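Structure file protein07.cif with mmCIF, C-alpha atoms:
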data_run
loop_
_atom_site.label_atom_id
_atom_site.label_comp_id
_atom_site.auth_asym_id
_atom_site.auth_seq_id
_atom_site.Cartn_x
_atom_site.Cartn_y
_atom_site.Cartn_z
CA ILE N 1 107.49 -12.06 48.08
CA ILE N 2 104.28 -11.28 46.22
CA SER N 3 102.29 -8.64 48.07
CA GLY N 4 100.26 -6.90 45.37
CA GLY N 5 99.88 -6.11 41.71
CA TYR N 6 98.45 -8.05 38.79
CA THR N 7 100.99 -10.40 37.22
CA VAL N 8 100.56 -12.79 34.31
CA ILE N 9 103.32 -15.28 33.50
CA ASN N 10 103.58 -17.50 30.42
CA ALA N 11 106.49 -19.86 31.09
CA SER N 12 108.36 -22.45 29.06
CA GLY N 13 110.41 -23.33 32.17
CA ASP N 14 109.44 -22.94 35.83
CA GLY N 15 106.71 -20.28 36.14
CA ILE N 16 107.44 -19.03 39.66
CA ASP N 17 110.75 -20.40 40.91
CA SER N 18 112.49 -19.78 44.23
CA ASN N 19 115.63 -21.50 45.43
CA ASN N 20 114.50 -20.46 48.89
CA SER N 21 110.98 -19.54 50.08
CA ILE N 22 107.87 -17.86 48.67
CA THR N 23 105.34 -15.70 50.52
CA VAL N 24 102.12 -14.52 48.88
CA SER N 25 100.11 -11.94 50.82
CA GLY N 26 98.25 -10.04 48.10
CA GLY N 27 97.73 -9.26 44.45
CA VAL N 28 96.66 -11.46 41.57
CA THR N 29 99.22 -13.85 40.07
CA LEU N 30 98.27 -15.99 37.06
CA VAL N 31 100.79 -18.53 35.80
CA SER N 32 100.52 -20.51 32.60
CA GLY N 33 103.28 -22.99 33.29
CA PRO N 34 105.35 -25.19 31.02
CA GLU N 35 103.90 -28.18 29.21
CA GLY N 36 106.80 -30.58 29.96
CA ASN N 37 107.14 -32.51 33.23
CA GLY N 38 110.74 -31.39 33.89
CA ASN N 39 109.56 -27.98 35.15
CA ALA N 40 106.67 -26.65 37.21
CA ALA N 41 104.31 -23.69 37.24
CA PHE N 42 105.05 -23.16 40.97
CA ASP N 43 108.44 -24.29 42.30
CA TYR N 44 110.35 -23.63 45.50
CA ASP N 45 113.01 -25.26 47.69
CA GLY N 46 112.18 -23.87 51.16
CA THR N 47 108.60 -23.07 52.16
CA ALA N 48 105.67 -21.40 50.43
CA LYS N 49 103.23 -19.46 52.59
CA ILE N 50 99.89 -17.98 51.58
CA THR N 51 98.20 -15.29 53.70
CA GLY N 52 96.22 -13.36 51.06
CA GLY N 53 95.76 -12.61 47.40
CA VAL N 54 95.01 -14.82 44.42
CA LEU N 55 97.39 -17.23 42.71
CA ILE N 56 96.46 -19.69 39.98
CA ALA N 57 99.33 -21.68 38.50
CA THR N 58 98.59 -24.31 35.85
CA GLY N 59 101.05 -26.75 34.33
CA PRO N 60 102.27 -30.35 34.21
CA MET N 61 101.91 -32.85 37.08
CA GLY N 62 105.51 -34.06 37.20
CA MET N 63 107.00 -31.47 39.55
CA ALA N 64 103.78 -29.97 40.96
CA GLN N 65 103.94 -28.33 44.39
CA ASN N 66 101.30 -26.79 46.62
CA PHE N 67 101.86 -24.17 49.28
CA SER N 68 103.40 -25.60 52.46
CA GLU N 69 101.73 -23.15 54.88
CA ALA N 70 98.38 -21.33 54.81
CA GLU N 71 96.86 -18.60 56.98
CA ASN N 72 93.57 -16.75 56.38
CA GLN N 73 92.74 -18.75 53.24
CA GLY N 74 93.31 -22.18 51.77
CA ALA N 75 95.42 -23.47 48.91
CA ILE N 76 94.46 -26.29 46.55
CA LEU N 77 96.60 -28.53 44.34
CA VAL N 78 94.58 -30.77 42.06
CA SER N 79 95.43 -32.84 38.99
CA PHE N 80 93.18 -34.01 36.17
CA GLY N 81 93.29 -35.17 32.55
CA PRO N 82 95.09 -32.97 30.01
CA LYS N 83 93.45 -29.64 29.14
CA ASP N 84 94.14 -27.66 25.99
CA SER N 85 95.71 -24.23 25.90
CA GLY N 86 93.03 -21.58 26.10
CA GLU N 87 90.69 -23.79 28.14
CA PRO N 88 89.36 -21.74 31.10
CA ILE N 89 89.52 -23.00 34.67
CA ALA N 90 87.39 -21.68 37.54
CA LEU N 91 86.97 -22.44 41.23
CA THR N 92 83.48 -21.85 42.62
CA ASP N 93 82.04 -21.97 46.12
CA ALA N 94 78.96 -23.94 47.24
CA ASP N 95 76.71 -21.18 45.87
CA GLY N 96 78.34 -21.30 42.41
CA ILE N 97 80.17 -17.99 42.87
CA VAL N 98 83.60 -17.82 41.20
CA LEU N 99 86.41 -17.34 43.71
CA ALA N 100 88.98 -17.10 40.89
CA SER N 101 89.30 -18.04 37.24
CA PHE N 102 92.03 -18.09 34.57
CA THR N 103 92.48 -19.02 30.92
CA PRO N 104 96.01 -20.51 30.58
CA GLU N 105 97.96 -19.98 27.36
CA ASN N 106 99.57 -23.44 27.59
CA ALA N 107 98.11 -26.94 27.89
CA TYR N 108 97.91 -28.12 31.52
CA GLN N 109 97.21 -31.15 33.76
CA CYS N 110 97.12 -29.64 37.24
CA ALA N 111 96.51 -26.39 39.05
CA VAL N 112 97.54 -24.68 42.27
CA ILE N 113 94.78 -22.29 43.32
CA THR N 114 94.50 -19.97 46.30
CA ALA N 115 92.02 -17.15 46.74
CA PRO N 116 90.17 -15.34 49.51
CA GLY N 117 87.11 -17.37 50.43
CA ILE N 118 88.78 -20.79 50.42
CA GLN N 119 88.17 -21.96 53.98
CA GLU N 120 88.48 -25.16 55.99
CA GLY N 121 85.22 -27.09 56.30
CA GLN N 122 83.81 -25.87 52.98
CA THR N 123 83.45 -27.61 49.60
CA TYR N 124 84.47 -26.06 46.28
CA THR N 125 83.94 -27.03 42.64
CA LEU N 126 86.65 -26.94 39.98
CA ILE N 127 85.31 -26.40 36.47
CA THR N 128 87.14 -26.30 33.12
CA GLY N 129 85.97 -25.23 29.70
CA CYS N 130 83.41 -22.84 31.15
CA THR N 131 82.43 -19.31 30.22
CA VAL N 132 83.10 -16.93 33.11
CA GLU N 133 80.87 -13.87 33.27
CA GLY N 134 82.90 -10.64 33.16
CA ALA N 135 86.32 -12.31 32.83
CA ASP N 136 89.17 -10.07 31.67
CA GLU N 137 91.53 -10.75 28.75
CA ASN N 138 93.38 -13.38 30.85
CA GLY N 139 90.17 -15.13 31.87
CA PHE N 140 90.45 -13.76 35.40
CA ALA N 141 87.33 -12.86 37.38
CA GLN N 142 86.01 -13.05 40.95
CA ASN N 143 82.56 -12.81 42.52
CA THR N 144 80.75 -13.80 39.33
CA THR N 145 79.20 -16.91 37.77
CA THR N 146 80.04 -19.50 35.13
CA ALA N 147 78.09 -21.15 32.34
CA GLY N 148 78.78 -24.55 30.76
CA GLY N 149 82.03 -26.40 31.22
CA VAL N 150 82.89 -29.69 32.90
CA VAL N 151 83.13 -30.28 36.65
CA ILE N 152 86.61 -31.67 37.25
CA ASP N 153 86.51 -32.11 41.02
CA GLN N 154 84.52 -31.42 44.18
CA ILE N 155 87.08 -30.34 46.77
CA ALA N 156 86.26 -30.76 50.47
CA MET N 157 88.68 -28.65 52.50
CA THR N 158 89.45 -30.67 55.62
CA SER N 159 92.33 -28.28 56.30
CA LEU N 160 93.65 -25.10 54.66
CA LEU N 161 95.88 -27.22 52.38
CA TYR N 162 94.42 -29.68 49.87
CA GLY N 163 96.34 -32.02 47.61
CA GLY N 164 99.68 -32.13 49.36
CA ASN N 165 101.60 -29.48 51.21
CA GLY N 166 104.87 -28.70 49.54
CA GLY N 167 107.60 -31.19 48.89
CA MET N 168 109.28 -32.00 45.62
CA GLY N 169 106.77 -33.02 43.02
CA MET N 170 103.72 -35.25 43.06
CA TRP N 171 105.52 -38.29 44.43
CA ASN N 172 105.60 -36.51 47.79
CA MET N 173 101.88 -35.75 48.00
CA PRO N 174 100.05 -36.79 51.14
CA GLY N 175 96.31 -36.24 51.13
CA GLY N 176 93.87 -35.72 48.32
CA GLY N 177 94.15 -34.24 44.90
CA PHE N 178 96.35 -36.76 43.17
#
As structure tokens, the full file:
Amino acid sequence: IISGGYTVINASGDGIDSNNSITVSGGVTLVSGPEGNGNAAFDYDGTAKITGGVLIATGPMGMAQNFSEAENQGAILVSFGPKDSGEPIALTDADGIVLASFTPENAYQCAVITAPGIQEGQTYTLITGCTVEGADENGFAQNTTTAGGVVIDQIAMTSLLYGGNGGMGMWNMPGGGF
């Protein structure tokens, strides 16, 4: 259960790993996951529910999982070409306002992102390599703007879950994102 705090994880194995279920209701959790496909930045066996807070978990595509349930805010799982360690990632709304950003310490190919403001029926932009105004030492910021970078994806939220909803790895991914 993650209900508050500010947590930064740099993992060589699974970043967040539960042999049961995960519930995130608050706080800021930033995970720089492993670089190898045998582990994941966000891994669970039961269910993973989001009701609040911010979580950004970056890592390899091989075992990637999204949240399986969402209330109050959406969760996104998206994959893309390889990104270098230290390359910032930011999710912005239709007005270009950053909902959440992070600068992972490890190379990555996918990201799980959830933050307040991600809602069904809206479109969001995922940007990498950008400069995020006012970001802290981990590249985290909210309610700010970006400069530069490359647009990786335009994400249309047709439900509160985008890019698959749980399961074991990318081979079990209905919907968009992969």
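The closest residue to Gly129 in chain N, picked from N:Tyr162, N:Tyr44, N:Tyr6, N:Phe102 and counting only C-alpha atoms, is N:Phe102.
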Identify all residues satisfying the PyMOL selection byres ((chain N and resi 29) around 7) in the given file; provide them as a list in words.
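When the PyMOL selection byres ((chain N and resi 29) around 7) is applied, the selected residues are Tyr6, Thr7, Val8, Gly27, Val28, Leu30, Val31, Val54, Leu55 and Ile56 of chain N.
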Selected by the PyMOL selection byres ((chain N and resi 15) around 7) in the shown coordinates: which residues, as a PyMOL selection string?
chain N and resi 9+11+13-14+16-17+31+33+40-42
Return as JSON lines the residues of range 78-158 of chain N lying at most 7 Å from range 60-72 of chain N, together with the closest atom-to-atom pair for each and the distance in Å to one decimal, counting all atoms listed in the file, with rows in chain order and ascending residue number.
{"residue": "N:Ser79", "atom": "CA", "partner": "N:Met61", "partner_atom": "CA", "distance": 6.8}
{"residue": "N:Tyr108", "atom": "CA", "partner": "N:Pro60", "partner_atom": "CA", "distance": 5.6}
{"residue": "N:Gln109", "atom": "CA", "partner": "N:Pro60", "partner_atom": "CA", "distance": 5.1}
{"residue": "N:Cys110", "atom": "CA", "partner": "N:Met61", "partner_atom": "CA", "distance": 5.8}
{"residue": "N:Val112", "atom": "CA", "partner": "N:Asn66", "partner_atom": "CA", "distance": 6.1}
List the residues matched by the PyMOL selection byres ((chain N and resi 95-99) around 6) in the displayed structure as a list of chain:residue names, ordered by chain and then by residue number.
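Checked against the file, the PyMOL selection byres ((chain N and resi 95-99) around 6) matches N:Leu91, N:Thr92, N:Asp93, N:Ala94, N:Ala100, N:Gln142, N:Asn143, N:Thr144, N:Thr145.
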Separating CA of Ser12 in chain N from CA of Asn138 in chain N, to the nearest tenth of an Å, is a gap of 17.6 Å
One decimal, in Å: what's the spacing between CA of Ser32 in chain N and CA of Glu120 in chain N?
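It comes out at 26.7 Å.
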One decimal place gives the CA of Leu160 in chain N-CA of Phe140 in chain N separation as 22.6 Å
Leu126 in chain N proximity check over N:Asp153, N:Gly139, N:Glu35, N:Pro104, using all atoms listed in the file: winner is N:Asp153
Counting all atoms listed in the file, which of N:Gln154, N:Thr23, N:Ser18, N:Thr47 gets nearest to Gly4 in chain N?
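Among N:Gln154, N:Thr23, N:Ser18, N:Thr47, it is N:Thr23 that comes nearest to Gly4 in chain N.
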At most 8 Å from (88.7, -30.1, 51.0), file frame, all atoms listed in the file: which residues, as a list in words?
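The residues near that point, listed by chain and number, are Glu120, Gly121, Gln122, Thr123, Tyr124, Ile155, Ala156, Met157, Thr158, Ser159, Leu160, Leu161 and Tyr162 of chain N.
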When distances are computed from only C-alpha atoms, which of N:Glu133, N:Gly36, N:Thr58, N:Gln73 shows the smallest separation from Thr114 in chain N?
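Comparing N:Glu133, N:Gly36, N:Thr58, N:Gln73 against Thr114 in chain N, the winner is N:Gln73.
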For a cut-off of 7 Å around (93.6, -31.7, 28.1), file coordinates, pick out all residues using only C-alpha atoms and list them as a list of chain:residue names.
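Checked against the point, the hits come out as N:Gly81, N:Pro82, N:Lys83, N:Asp84, N:Ala107, N:Tyr108, N:Gln109.
With all atoms listed in the file as the basis for measurement, N:Ala141 is the residue among N:Ala141, N:Cys130, N:Ile22, N:Ile113 that approaches Ser101 in chain N most closely.
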Using the file's own x, y and z axes, what box holds all listed atoms of range 1-17 of chain N with 8 Å on each side, keeping edges along x, y and z, and what are its centre and edge lengths in Å to one decimal, as JSON?
{"center_x": 104.6, "center_y": -14.7, "center_z": 38.6, "size_x": 28.3, "size_y": 33.2, "size_z": 35.0}
